[in-house]
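K.L.:
I'm passing along coords-v7.pdb; it holds PDB, C-alpha atoms.
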ATOM      1  CA  MET Q   1    -134.497 -29.428 -62.675
ATOM      2  CA  PRO Q   2    -138.061 -30.035 -61.383
ATOM      3  CA  LEU Q   3    -138.874 -28.878 -57.854
ATOM      4  CA  THR Q   4    -141.251 -30.398 -55.296
ATOM      5  CA  ALA Q   5    -144.130 -28.531 -53.664
ATOM      6  CA  VAL Q   6    -145.912 -29.747 -50.519
ATOM      7  CA  THR Q   7    -149.207 -28.162 -49.460
ATOM      8  CA  PHE Q   8    -150.832 -28.288 -46.000
ATOM      9  CA  GLU Q   9    -154.131 -27.015 -44.609
ATOM     10  CA  LEU Q  10    -153.952 -25.935 -40.951
ATOM     11  CA  THR Q  11    -154.614 -23.015 -38.613
ATOM     12  CA  PRO Q  12    -153.019 -19.641 -39.436
ATOM     13  CA  ALA Q  13    -150.819 -19.857 -36.318
ATOM     14  CA  GLN Q  14    -149.638 -23.335 -37.261
ATOM     15  CA  ALA Q  15    -148.946 -22.168 -40.823
ATOM     16  CA  ASP Q  16    -146.688 -19.390 -39.528
ATOM     17  CA  LEU Q  17    -144.801 -21.784 -37.234
ATOM     18  CA  LEU Q  18    -144.401 -24.560 -39.769
ATOM     19  CA  GLY Q  19    -143.444 -22.219 -42.589
ATOM     20  CA  ASP Q  20    -140.720 -20.611 -40.461
ATOM     21  CA  ALA Q  21    -139.436 -24.011 -39.316
ATOM     22  CA  LEU Q  22    -139.206 -25.344 -42.873
ATOM     23  CA  LEU Q  23    -137.437 -22.237 -44.141
ATOM     24  CA  GLU Q  24    -134.920 -22.551 -41.309
ATOM     25  CA  ALA Q  25    -134.426 -26.202 -42.222
ATOM     26  CA  GLY Q  26    -133.654 -25.407 -45.868
ATOM     27  CA  ALA Q  27    -136.906 -25.188 -47.821
ATOM     28  CA  LEU Q  28    -136.661 -22.883 -50.832
ATOM     29  CA  ALA Q  29    -139.822 -20.847 -50.279
ATOM     30  CA  VAL Q  30    -143.178 -20.792 -48.497
ATOM     31  CA  ASP Q  31    -146.510 -19.204 -49.336
ATOM     32  CA  VAL Q  32    -149.450 -18.819 -46.946
ATOM     33  CA  GLY Q  33    -152.981 -18.113 -48.163
ATOM     34  CA  ASP Q  34    -156.620 -18.485 -47.240
ATOM     35  CA  ALA Q  35    -157.617 -22.160 -47.453
ATOM     36  CA  LEU Q  36    -161.192 -21.008 -48.099
ATOM     37  CA  VAL Q  37    -160.317 -18.878 -51.129
ATOM     38  CA  GLY Q  38    -163.047 -19.016 -53.739
ATOM     39  CA  THR Q  39    -165.748 -19.834 -51.181
ATOM     40  CA  PRO Q  40    -168.245 -17.524 -49.423
ATOM     41  CA  GLU Q  41    -166.046 -17.787 -46.298
ATOM     42  CA  GLU Q  42    -162.978 -16.285 -48.043
ATOM     43  CA  GLN Q  43    -161.615 -13.274 -46.127
ATOM     44  CA  ALA Q  44    -159.278 -10.509 -47.240
ATOM     45  CA  VAL Q  45    -156.532  -9.919 -44.664
ATOM     46  CA  PHE Q  46    -154.786  -6.579 -44.250
ATOM     47  CA  ASP Q  47    -152.447  -7.306 -41.369
ATOM     48  CA  GLU Q  48    -149.694  -5.408 -39.623
ATOM     49  CA  PRO Q  49    -147.602  -5.966 -36.497
ATOM     50  CA  GLY Q  50    -149.036  -5.240 -33.068
ATOM     51  CA  GLU Q  51    -152.279  -5.727 -31.205
ATOM     52  CA  TRP Q  52    -155.322  -3.690 -32.133
ATOM     53  CA  ASP Q  53    -158.545  -2.727 -30.436
ATOM     54  CA  GLU Q  54    -161.645  -2.835 -32.563
ATOM     55  CA  PRO Q  55    -162.237  -1.658 -35.234
ATOM     56  CA  LEU Q  56    -158.568  -1.881 -36.213
ATOM     57  CA  ARG Q  57    -157.928  -5.514 -35.287
ATOM     58  CA  PRO Q  58    -156.910  -7.426 -38.418
ATOM     59  CA  ILE Q  59    -159.133 -10.154 -39.806
ATOM     60  CA  ARG Q  60    -157.679 -13.651 -39.431
ATOM     61  CA  TRP Q  61    -158.326 -16.553 -41.751
ATOM     62  CA  GLN Q  62    -160.313 -19.484 -40.405
ATOM     63  CA  ARG Q  63    -157.974 -21.954 -42.123
ATOM     64  CA  ALA Q  64    -154.655 -21.385 -43.880
ATOM     65  CA  ARG Q  65    -153.105 -23.117 -46.867
ATOM     66  CA  LEU Q  66    -149.325 -23.437 -46.577
ATOM     67  CA  ALA Q  67    -147.398 -24.278 -49.750
ATOM     68  CA  VAL Q  68    -143.705 -25.121 -49.360
ATOM     69  CA  LEU Q  69    -141.192 -25.472 -52.179
ATOM     70  CA  PHE Q  70    -138.292 -27.948 -51.947
ATOM     71  CA  GLU Q  71    -135.352 -28.816 -54.202
ATOM     72  CA  ASN Q  72    -136.686 -32.341 -54.695
ATOM     73  CA  ALA Q  73    -138.905 -35.034 -53.149
ATOM     74  CA  ALA Q  74    -136.061 -36.425 -51.040
ATOM     75  CA  GLN Q  75    -135.471 -33.066 -49.369
ATOM     76  CA  ALA Q  76    -139.190 -32.714 -48.717
ATOM     77  CA  ALA Q  77    -139.323 -36.166 -47.115
ATOM     78  CA  ASP Q  78    -136.311 -35.365 -44.934
ATOM     79  CA  LEU Q  79    -137.554 -31.988 -43.686
ATOM     80  CA  VAL Q  80    -141.324 -32.229 -43.282
ATOM     81  CA  GLY Q  81    -141.475 -34.812 -40.472
ATOM     82  CA  PRO Q  82    -138.934 -33.130 -38.153
ATOM     83  CA  ALA Q  83    -140.524 -29.707 -38.755
ATOM     84  CA  LEU Q  84    -143.975 -31.030 -37.824
ATOM     85  CA  ALA Q  85    -142.523 -32.507 -34.648
ATOM     86  CA  GLU Q  86    -140.692 -29.275 -33.820
ATOM     87  CA  CYS Q  87    -143.947 -27.334 -34.127
ATOM     88  CA  ALA Q  88    -145.949 -29.913 -32.118
ATOM     89  CA  ILE Q  89    -148.223 -30.529 -35.110
ATOM     90  CA  ASP Q  90    -149.755 -33.944 -35.803
ATOM     91  CA  PRO Q  91    -147.130 -35.861 -37.818
ATOM     92  CA  CYS Q  92    -149.985 -37.468 -39.764
ATOM     93  CA  LEU Q  93    -151.314 -34.078 -40.900
ATOM     94  CA  ALA Q  94    -152.718 -34.506 -44.394
ATOM     95  CA  HIS Q  95    -150.774 -32.876 -47.194
ATOM     96  CA  THR Q  96    -150.413 -33.060 -50.955
ATOM     97  CA  THR Q  97    -147.215 -33.248 -52.984
ATOM     98  CA  HIS Q  98    -146.695 -32.353 -56.608
ATOM     99  CA  THR Q  99    -143.845 -31.670 -58.995
ATOM    100  CA  VAL Q 100    -143.156 -28.150 -60.220
ATOM    101  CA  GLU Q 101    -141.620 -28.347 -63.663
ATOM    102  CA  ASP Q 102    -138.526 -26.328 -64.453
ATOM    103  CA  ALA Q 103    -139.161 -22.976 -66.123
ATOM    104  CA  ASP Q 104    -137.627 -19.623 -66.905
ATOM    105  CA  TRP Q 105    -138.710 -18.108 -63.599
ATOM    106  CA  VAL Q 106    -137.352 -14.664 -64.436
ATOM    107  CA  ALA Q 107    -139.419 -14.508 -67.624
ATOM    108  CA  LEU Q 108    -142.502 -15.847 -65.874
ATOM    109  CA  THR Q 109    -142.146 -13.296 -63.076
ATOM    110  CA  GLN Q 110    -141.698 -10.457 -65.530
ATOM    111  CA  ARG Q 111    -144.910 -11.423 -67.302
ATOM    112  CA  GLU Q 112    -146.775 -10.866 -64.040
ATOM    113  CA  PHE Q 113    -145.787  -7.189 -63.989
ATOM    114  CA  GLU Q 114    -147.170  -5.127 -66.843
ATOM    115  CA  PRO Q 115    -147.143  -1.307 -67.126
ATOM    116  CA  ILE Q 116    -149.660   0.277 -64.754
ATOM    117  CA  ARG Q 117    -151.709   3.307 -65.749
ATOM    118  CA  ILE Q 118    -152.074   5.700 -62.820
ATOM    119  CA  THR Q 119    -153.688   8.617 -64.647
ATOM    120  CA  ASP Q 120    -153.946   9.718 -68.263
ATOM    121  CA  ARG Q 121    -150.466  11.207 -67.990
ATOM    122  CA  VAL Q 122    -148.702   8.979 -65.438
ATOM    123  CA  TRP Q 123    -147.632   5.345 -65.849
ATOM    124  CA  ILE Q 124    -145.408   2.976 -63.863
ATOM    125  CA  VAL Q 125    -143.411   0.859 -66.285
ATOM    126  CA  PRO Q 126    -141.020  -2.034 -65.500
ATOM    127  CA  THR Q 127    -137.687  -1.543 -67.238
ATOM    128  CA  TRP Q 128    -138.184  -4.613 -69.457
ATOM    129  CA  HIS Q 129    -141.301  -3.043 -71.049
ATOM    130  CA  ALA Q 130    -141.604  -0.280 -73.612
ATOM    131  CA  PRO Q 131    -143.822   2.548 -72.290
ATOM    132  CA  PRO Q 132    -147.362   2.175 -73.687
ATOM    133  CA  ASP Q 133    -147.547   5.969 -74.037
ATOM    134  CA  PRO Q 134    -144.106   7.480 -74.700
ATOM    135  CA  SER Q 135    -145.542  10.996 -74.313
ATOM    136  CA  ALA Q 136    -146.712  10.312 -70.740
ATOM    137  CA  ILE Q 137    -144.734  10.600 -67.512
ATOM    138  CA  ASN Q 138    -143.314   7.081 -67.358
ATOM    139  CA  LEU Q 139    -141.829   6.059 -63.998
ATOM    140  CA  MET Q 140    -139.422   3.205 -64.691
ATOM    141  CA  ILE Q 141    -139.667   1.055 -61.540
ATOM    142  CA  ASP Q 142    -138.985  -2.678 -61.285
ATOM    143  CA  PRO Q 143    -140.691  -4.840 -58.626
ATOM    144  CA  GLY Q 144    -138.268  -5.637 -55.831
ATOM    145  CA  ARG Q 145    -137.899  -5.999 -52.091
ATOM    146  CA  ALA Q 146    -138.604  -2.299 -51.527
ATOM    147  CA  PHE Q 147    -142.347  -1.583 -51.519
ATOM    148  CA  GLY Q 148    -143.740   0.531 -54.335
ATOM    149  CA  SER Q 149    -144.005  -1.231 -57.683
ATOM    150  CA  GLY Q 150    -147.354   0.447 -58.332
ATOM    151  CA  SER Q 151    -149.423  -2.711 -58.129
ATOM    152  CA  HIS Q 152    -150.725  -1.996 -54.625
ATOM    153  CA  PRO Q 153    -153.792   0.267 -54.329
ATOM    154  CA  THR Q 154    -152.115   2.549 -51.762
ATOM    155  CA  THR Q 155    -149.274   3.417 -54.146
ATOM    156  CA  ARG Q 156    -151.778   4.190 -56.867
ATOM    157  CA  LEU Q 157    -153.854   6.354 -54.522
ATOM    158  CA  CYS Q 158    -150.810   8.422 -53.548
ATOM    159  CA  LEU Q 159    -149.611   8.923 -57.128
ATOM    160  CA  GLU Q 160    -153.097   9.900 -58.284
ATOM    161  CA  TRP Q 161    -153.277  12.443 -55.479
ATOM    162  CA  LEU Q 162    -149.827  13.881 -56.243
ATOM    163  CA  ALA Q 163    -150.751  14.197 -59.908
ATOM    164  CA  GLY Q 164    -153.826  16.178 -58.875
ATOM    165  CA  VAL Q 165    -152.281  18.582 -56.354
ATOM    166  CA  LEU Q 166    -148.776  19.354 -57.633
ATOM    167  CA  ARG Q 167    -148.561  22.485 -59.759
ATOM    168  CA  GLY Q 168    -144.760  22.707 -60.033
ATOM    169  CA  GLY Q 169    -142.010  24.072 -57.815
ATOM    170  CA  GLU Q 170    -143.088  22.394 -54.560
ATOM    171  CA  SER Q 171    -140.922  20.599 -52.013
ATOM    172  CA  VAL Q 172    -142.121  17.048 -51.325
ATOM    173  CA  LEU Q 173    -141.211  14.556 -48.577
ATOM    174  CA  ASP Q 174    -141.990  10.857 -49.083
ATOM    175  CA  TYR Q 175    -141.930   9.311 -45.583
ATOM    176  CA  GLY Q 176    -141.554   5.532 -45.766
ATOM    177  CA  CYS Q 177    -140.309   5.863 -49.329
ATOM    178  CA  GLY Q 178    -139.711   2.177 -50.156
ATOM    179  CA  SER Q 179    -138.759   2.058 -53.832
ATOM    180  CA  GLY Q 180    -138.899   5.869 -54.007
ATOM    181  CA  VAL Q 181    -141.737   5.796 -56.532
ATOM    182  CA  LEU Q 182    -143.703   8.624 -54.872
ATOM    183  CA  ALA Q 183    -140.708  10.936 -54.590
ATOM    184  CA  ILE Q 184    -139.707  10.123 -58.165
ATOM    185  CA  GLY Q 185    -143.266  10.678 -59.333
ATOM    186  CA  ALA Q 186    -143.380  14.027 -57.523
ATOM    187  CA  ALA Q 187    -140.144  15.118 -59.199
ATOM    188  CA  ARG Q 188    -141.424  14.117 -62.635
ATOM    189  CA  LEU Q 189    -144.659  16.011 -61.895
ATOM    190  CA  GLY Q 190    -142.711  19.213 -61.316
ATOM    191  CA  ALA Q 191    -141.643  19.279 -57.668
ATOM    192  CA  ALA Q 192    -138.491  21.356 -57.246
ATOM    193  CA  ARG Q 193    -137.151  19.425 -54.247
ATOM    194  CA  VAL Q 194    -137.888  15.821 -53.270
ATOM    195  CA  ALA Q 195    -136.688  13.740 -50.344
ATOM    196  CA  GLY Q 196    -137.447  10.240 -49.079
ATOM    197  CA  ILE Q 197    -137.041   8.637 -45.669
ATOM    198  CA  ASP Q 198    -137.214   4.930 -44.808
ATOM    199  CA  ILE Q 199    -136.187   2.756 -41.846
ATOM    200  CA  ASP Q 200    -134.795   0.081 -44.211
ATOM    201  CA  PRO Q 201    -131.273   0.790 -45.525
ATOM    202  CA  GLU Q 202    -131.962  -1.399 -48.561
ATOM    203  CA  ALA Q 203    -135.013   0.712 -49.413
ATOM    204  CA  VAL Q 204    -132.922   3.884 -49.156
ATOM    205  CA  GLU Q 205    -130.353   2.439 -51.568
ATOM    206  CA  THR Q 206    -133.053   1.172 -53.940
ATOM    207  CA  ALA Q 207    -134.856   4.521 -53.956
ATOM    208  CA  ALA Q 208    -131.643   6.397 -54.747
ATOM    209  CA  ALA Q 209    -130.834   3.961 -57.574
ATOM    210  CA  ASN Q 210    -134.365   4.267 -58.985
ATOM    211  CA  ALA Q 211    -134.117   8.061 -58.881
ATOM    212  CA  ARG Q 212    -130.884   7.968 -60.861
ATOM    213  CA  ALA Q 213    -132.402   5.538 -63.359
ATOM    214  CA  ASN Q 214    -135.285   7.970 -63.874
ATOM    215  CA  GLY Q 215    -132.980  10.936 -64.389
ATOM    216  CA  ILE Q 216    -133.868  12.609 -61.082
ATOM    217  CA  ALA Q 217    -130.940  14.713 -59.900
ATOM    218  CA  GLY Q 218    -130.700  16.152 -56.407
ATOM    219  CA  ALA Q 219    -133.192  13.803 -54.716
ATOM    220  CA  THR Q 220    -132.262  12.915 -51.129
ATOM    221  CA  PHE Q 221    -132.995   9.496 -49.593
ATOM    222  CA  CYS Q 222    -131.934   8.633 -46.064
ATOM    223  CA  LEU Q 223    -132.699   6.863 -42.790
ATOM    224  CA  PRO Q 224    -134.767   8.646 -40.106
ATOM    225  CA  ASP Q 225    -131.664   9.384 -38.006
ATOM    226  CA  ALA Q 226    -130.192  11.333 -40.910
ATOM    227  CA  SER Q 227    -133.473  12.681 -42.192
ATOM    228  CA  ALA Q 228    -133.799  15.543 -44.632
ATOM    229  CA  ASP Q 229    -133.988  18.852 -42.794
ATOM    230  CA  GLY Q 230    -136.799  21.345 -42.688
ATOM    231  CA  GLN Q 231    -140.444  21.483 -43.607
ATOM    232  CA  PHE Q 232    -142.072  20.662 -46.925
ATOM    233  CA  ASP Q 233    -144.945  21.966 -48.975
ATOM    234  CA  VAL Q 234    -146.227  18.403 -49.371
ATOM    235  CA  VAL Q 235    -145.649  15.355 -47.161
ATOM    236  CA  VAL Q 236    -146.915  11.915 -48.159
ATOM    237  CA  ALA Q 237    -146.624   8.780 -46.004
ATOM    238  CA  ASN Q 238    -147.682   5.419 -47.403
ATOM    239  CA  ILE Q 239    -146.933   3.022 -44.556
ATOM    240  CA  LEU Q 240    -149.352   1.319 -42.122
ATOM    241  CA  ALA Q 241    -152.080   2.542 -39.805
ATOM    242  CA  ARG Q 242    -150.288   1.934 -36.528
ATOM    243  CA  PRO Q 243    -147.031   3.751 -37.404
ATOM    244  CA  LEU Q 244    -149.068   6.541 -38.981
ATOM    245  CA  MET Q 245    -150.721   7.087 -35.617
ATOM    246  CA  ALA Q 246    -147.434   6.903 -33.706
ATOM    247  CA  LEU Q 247    -145.731   9.283 -36.134
ATOM    248  CA  ALA Q 248    -148.493  11.904 -36.112
ATOM    249  CA  PRO Q 249    -146.515  14.640 -34.267
ATOM    250  CA  LEU Q 250    -143.426  14.073 -36.417
ATOM    251  CA  LEU Q 251    -145.237  13.981 -39.754
ATOM    252  CA  ALA Q 252    -147.424  16.991 -38.987
ATOM    253  CA  ALA Q 253    -144.334  18.967 -37.949
ATOM    254  CA  ARG Q 254    -142.675  18.300 -41.320
ATOM    255  CA  VAL Q 255    -145.521  20.037 -43.180
ATOM    256  CA  LYS Q 256    -145.264  23.791 -43.676
ATOM    257  CA  PRO Q 257    -148.231  25.779 -42.311
ATOM    258  CA  GLY Q 258    -150.774  25.716 -45.101
ATOM    259  CA  GLY Q 259    -148.994  22.753 -46.705
ATOM    260  CA  LEU Q 260    -150.553  19.423 -47.595
ATOM    261  CA  LEU Q 261    -150.334  16.019 -45.904
ATOM    262  CA  ALA Q 262    -151.470  12.707 -47.408
ATOM    263  CA  LEU Q 263    -151.598   9.396 -45.521
ATOM    264  CA  ALA Q 264    -152.039   5.921 -47.024
ATOM    265  CA  GLY Q 265    -151.595   2.313 -45.990
ATOM    266  CA  LEU Q 266    -154.820   2.347 -43.982
ATOM    267  CA  LEU Q 267    -158.177   0.699 -44.450
ATOM    268  CA  ASP Q 268    -161.361   2.654 -44.954
ATOM    269  CA  SER Q 269    -162.486   1.477 -41.504
ATOM    270  CA  GLN Q 270    -159.346   2.990 -39.918
ATOM    271  CA  ALA Q 271    -159.537   6.417 -41.556
ATOM    272  CA  GLY Q 272    -161.739   8.142 -38.964
ATOM    273  CA  GLN Q 273    -159.582   7.130 -36.013
ATOM    274  CA  ILE Q 274    -156.371   8.194 -37.750
ATOM    275  CA  ALA Q 275    -157.816  11.531 -38.864
ATOM    276  CA  ALA Q 276    -158.789  12.219 -35.245
ATOM    277  CA  VAL Q 277    -155.197  11.635 -34.102
ATOM    278  CA  TYR Q 278    -153.958  14.322 -36.523
ATOM    279  CA  ALA Q 279    -156.632  16.873 -35.614
ATOM    280  CA  PRO Q 280    -156.654  19.787 -34.982
ATOM    281  CA  GLY Q 281    -153.174  20.413 -36.422
ATOM    282  CA  CYS Q 282    -154.080  18.846 -39.763
ATOM    283  CA  ARG Q 283    -157.557  18.776 -41.222
ATOM    284  CA  LEU Q 284    -157.635  15.405 -42.956
ATOM    285  CA  GLN Q 285    -160.461  13.698 -44.769
ATOM    286  CA  THR Q 286    -160.864  10.629 -46.922
ATOM    287  CA  VAL Q 287    -160.403  11.759 -50.508
ATOM    288  CA  ARG Q 288    -160.569   8.364 -52.228
ATOM    289  CA  ILE Q 289    -161.068   4.662 -51.485
ATOM    290  CA  LEU Q 290    -159.670   1.884 -53.680
ATOM    291  CA  ASP Q 291    -160.205  -1.823 -52.992
ATOM    292  CA  GLY Q 292    -160.909  -1.108 -49.314
ATOM    293  CA  TRP Q 293    -157.835   1.119 -48.846
ATOM    294  CA  ALA Q 294    -158.301   4.811 -48.042
ATOM    295  CA  LEU Q 295    -156.286   7.942 -48.749
ATOM    296  CA  LEU Q 296    -156.497  10.668 -46.105
ATOM    297  CA  ALA Q 297    -155.377  14.118 -47.162
ATOM    298  CA  GLY Q 298    -155.696  17.706 -46.084
ATOM    299  CA  GLU Q 299    -154.011  20.896 -44.999
ATOM    300  CA  ARG Q 300    -151.882  21.723 -41.984
ATOM    301  CA  VAL Q 301    -153.400  24.576 -39.994
ATOM    302  CA  GLY Q 302    -151.724  26.802 -37.410
TER     303      GLY Q 302
END
Just dump the structure as structure tokens.
P.N.:
Amino acid sequence: MPLTAVTFELTPAQADLLGDALLEAGALAVDVGDALVGTPEEQAVFDEPGEWDEPLRPIRWQRARLAVLFENAAQAADLVGPALAECAIDPCLAHTTHTVEDADWVALTQREFEPIRITDRVWIVPTWHAPPDPSAINLMIDPGRAFGSGSHPTTRLCLEWLAGVLRGGESVLDYGCGSGVLAIGAARLGAARVAGIDIDPEAVETAAANARANGIAGATFCLPDASADGQFDVVVANILARPLMALAPLLAARVKPGGLLALAGLLDSQAGQIAAVYAPGCRLQTVRILDGWALLAGERVG
């Protein structure tokens, strides 16, 4: 059955309010993007919760485009007016409406996710695809609610780094494991012991399931309150800049003296400040930048 999409242009704050209100009222989905995409004023946004002092304050769009999906035109007509009123937004705010034809959404979504080459010997492959290189290390990971499908630059940076530093037999901790792709990758690259920690119970379950699907036995995934004991030869944390700073004492303490620590989920502009927080216990430096995202890595000293 065809669906109905309604699109608004408004301020980013209004887009957040209106999108939340329409979801609460029964809209099927919302999507917020830069209304100036494709123009010289387009801005990439790498946002995270919390207030930041410069230079870490996130960029905000000048104007936002809010697209809302409804079951049909009647539902859209019933919900849009009350939601605008609830959010104190002009009820005459201009918007466009169009019909979204029915489709095999599962098949269309799957087409968006192709195998991803990380290095010559490491690929991330959705389970509905045949590995492009059967002789490579193929990590079978499907996109899902847990972060780590391989499409984001930070995941790729971490896997590239692991592929370069692991020699076999190491213990590896993936802090903020999401889908478990980094722990699974470490195991397939020869790590003798891998563990993952995440604050989201669903991520912990997903990571454990992905490990089993990839034939990884003995991997441990848990919440922080039940975290894997001890120190590790290698610790990798692909989260966000602010929690990386807050977690500095904890993460540094999980690295064995002389072991390696890698941090991702931060912008190139944030790398210097975060490296300073970890010094002098860990000597970290930017080892690679991809699409504006940086990977900090180095050795624990002392």
K.L.:
List every protein, DNA or RNA residue that has an atom no more than 9 Å from (-139.7, -25.8, -50.0) in the file's coordinate frame, counting all atoms listed in the file, and report them as number ranges by chain.
P.N.:
Q: 3-6, 22-23, 26-30, 67-72, 75-76
K.L.:
Which residues come within 8 Å of Ala21 of chain Q, counting only C-alpha atoms, excluding same-chain residues fewer than 2 positions away, as number ranges by chain?
P.N.:
Q: 17-19, 23-25, 83, 86-87
K.L.:
Give me the residues near segment 120-136 of chain Q as a JSON list (two decimals) with C-alpha atoms, in the frame of the given file, where near means some atom within 12 Å (using only C-alpha atoms) and where sequence neighbours in that chain fewer than 6 positions away do not count.
P.N.:
[["chain", "number", "residue", "atom", "x", "y", "z"],
["Q", 106, "VAL", "CA", -137.35, -14.66, -64.44],
["Q", 107, "ALA", "CA", -139.42, -14.51, -67.62],
["Q", 109, "THR", "CA", -142.15, -13.30, -63.08],
["Q", 110, "GLN", "CA", -141.70, -10.46, -65.53],
["Q", 111, "ARG", "CA", -144.91, -11.42, -67.30],
["Q", 112, "GLU", "CA", -146.78, -10.87, -64.04],
["Q", 113, "PHE", "CA", -145.79, -7.19, -63.99],
["Q", 114, "GLU", "CA", -147.17, -5.13, -66.84],
["Q", 142, "ASP", "CA", -138.99, -2.68, -61.28],
["Q", 143, "PRO", "CA", -140.69, -4.84, -58.63],
["Q", 144, "GLY", "CA", -138.27, -5.64, -55.83],
["Q", 148, "GLY", "CA", -143.74, 0.53, -54.34],
["Q", 149, "SER", "CA", -144.00, -1.23, -57.68],
["Q", 150, "GLY", "CA", -147.35, 0.45, -58.33],
["Q", 151, "SER", "CA", -149.42, -2.71, -58.13],
["Q", 152, "HIS", "CA", -150.72, -2.00, -54.62],
["Q", 155, "THR", "CA", -149.27, 3.42, -54.15],
["Q", 156, "ARG", "CA", -151.78, 4.19, -56.87],
["Q", 159, "LEU", "CA", -149.61, 8.92, -57.13],
["Q", 160, "GLU", "CA", -153.10, 9.90, -58.28],
["Q", 161, "TRP", "CA", -153.28, 12.44, -55.48],
["Q", 162, "LEU", "CA", -149.83, 13.88, -56.24],
["Q", 163, "ALA", "CA", -150.75, 14.20, -59.91],
["Q", 164, "GLY", "CA", -153.83, 16.18, -58.88],
["Q", 181, "VAL", "CA", -141.74, 5.80, -56.53],
["Q", 182, "LEU", "CA", -143.70, 8.62, -54.87],
["Q", 184, "ILE", "CA", -139.71, 10.12, -58.16],
["Q", 185, "GLY", "CA", -143.27, 10.68, -59.33],
["Q", 186, "ALA", "CA", -143.38, 14.03, -57.52],
["Q", 188, "ARG", "CA", -141.42, 14.12, -62.64],
["Q", 189, "LEU", "CA", -144.66, 16.01, -61.90],
["Q", 210, "ASN", "CA", -134.36, 4.27, -58.98],
["Q", 213, "ALA", "CA", -132.40, 5.54, -63.36],
["Q", 214, "ASN", "CA", -135.28, 7.97, -63.87]]
K.L.:
For each of Q:Val165, Q:Ala237, Q:Arg212, Q:Met245, take the minimum atom-to-atom distance to Ile197 of chain Q, counting only C-alpha atoms, then give the residue where this is smallest.
P.N.:
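Ranking Q:Val165, Q:Ala237, Q:Arg212, Q:Met245 by distance to Ile197 of chain Q, first place goes to Q:Ala237.
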K.L.:
Report as a PyMOL selection string all protein, DNA and RNA residues lying within 9 Å of segment 172-179 of chain Q, evaluated on only C-alpha atoms, omitting residues in the same chain fewer than 2 positions from it.
P.N.:
chain Q and resi 141-149+170+181-183+186-187+191-200+202-210+221+228+231-239+251+254-255
K.L.:
One decimal, Å: what's the distance from atom CA of Leu296 of chain Q over to atom CA of Pro257 of chain Q, could you say?
P.N.:
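Distance reported for this atom pair: 17.6 Å.
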K.L.:
Please write the residues picked by the PyMOL selection byres ((chain Q and resi 287) around 9) on this file as a list in words.
P.N.:
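With the PyMOL selection byres ((chain Q and resi 287) around 9) on this model, the match is Trp161, Leu284, Gln285, Thr286, Arg288, Ile289, Ala294, Leu295, Leu296, Ala297 and Gly298 of chain Q.
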K.L.:
Using all atoms listed in the file, can you tell me which of Q:Thr96, Q:Leu84, Q:Pro91, Q:Leu260 comes closest to Glu9 of chain Q?
P.N.:
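Among Q:Thr96, Q:Leu84, Q:Pro91, Q:Leu260, it is Q:Thr96 that comes nearest to Glu9 of chain Q.
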K.L.:
Report, in Å with one decimal, the straight-line distance from atom CA of Asp34 of chain Q to atom CA of Ala64 of chain Q.
P.N.:
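A separation of 4.9 Å between them.
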K.L.:
Convert the output of the PyMOL selection byres ((chain Q and resi 266-271) around 9) on the shown file into explicit residues, formatted as a list in words.
P.N.:
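For this structure, the PyMOL selection byres ((chain Q and resi 266-271) around 9) captures Phe46, Pro55, Leu56, Thr154, Asn238, Ile239, Leu240, Ala241, Arg242, Leu244, Leu263, Ala264, Gly265, Gly272, Gln273, Ile274, Ala275, Ala276, Gln285, Thr286, Ile289, Leu290, Gly292, Trp293, Ala294, Leu295 and Leu296 of chain Q.
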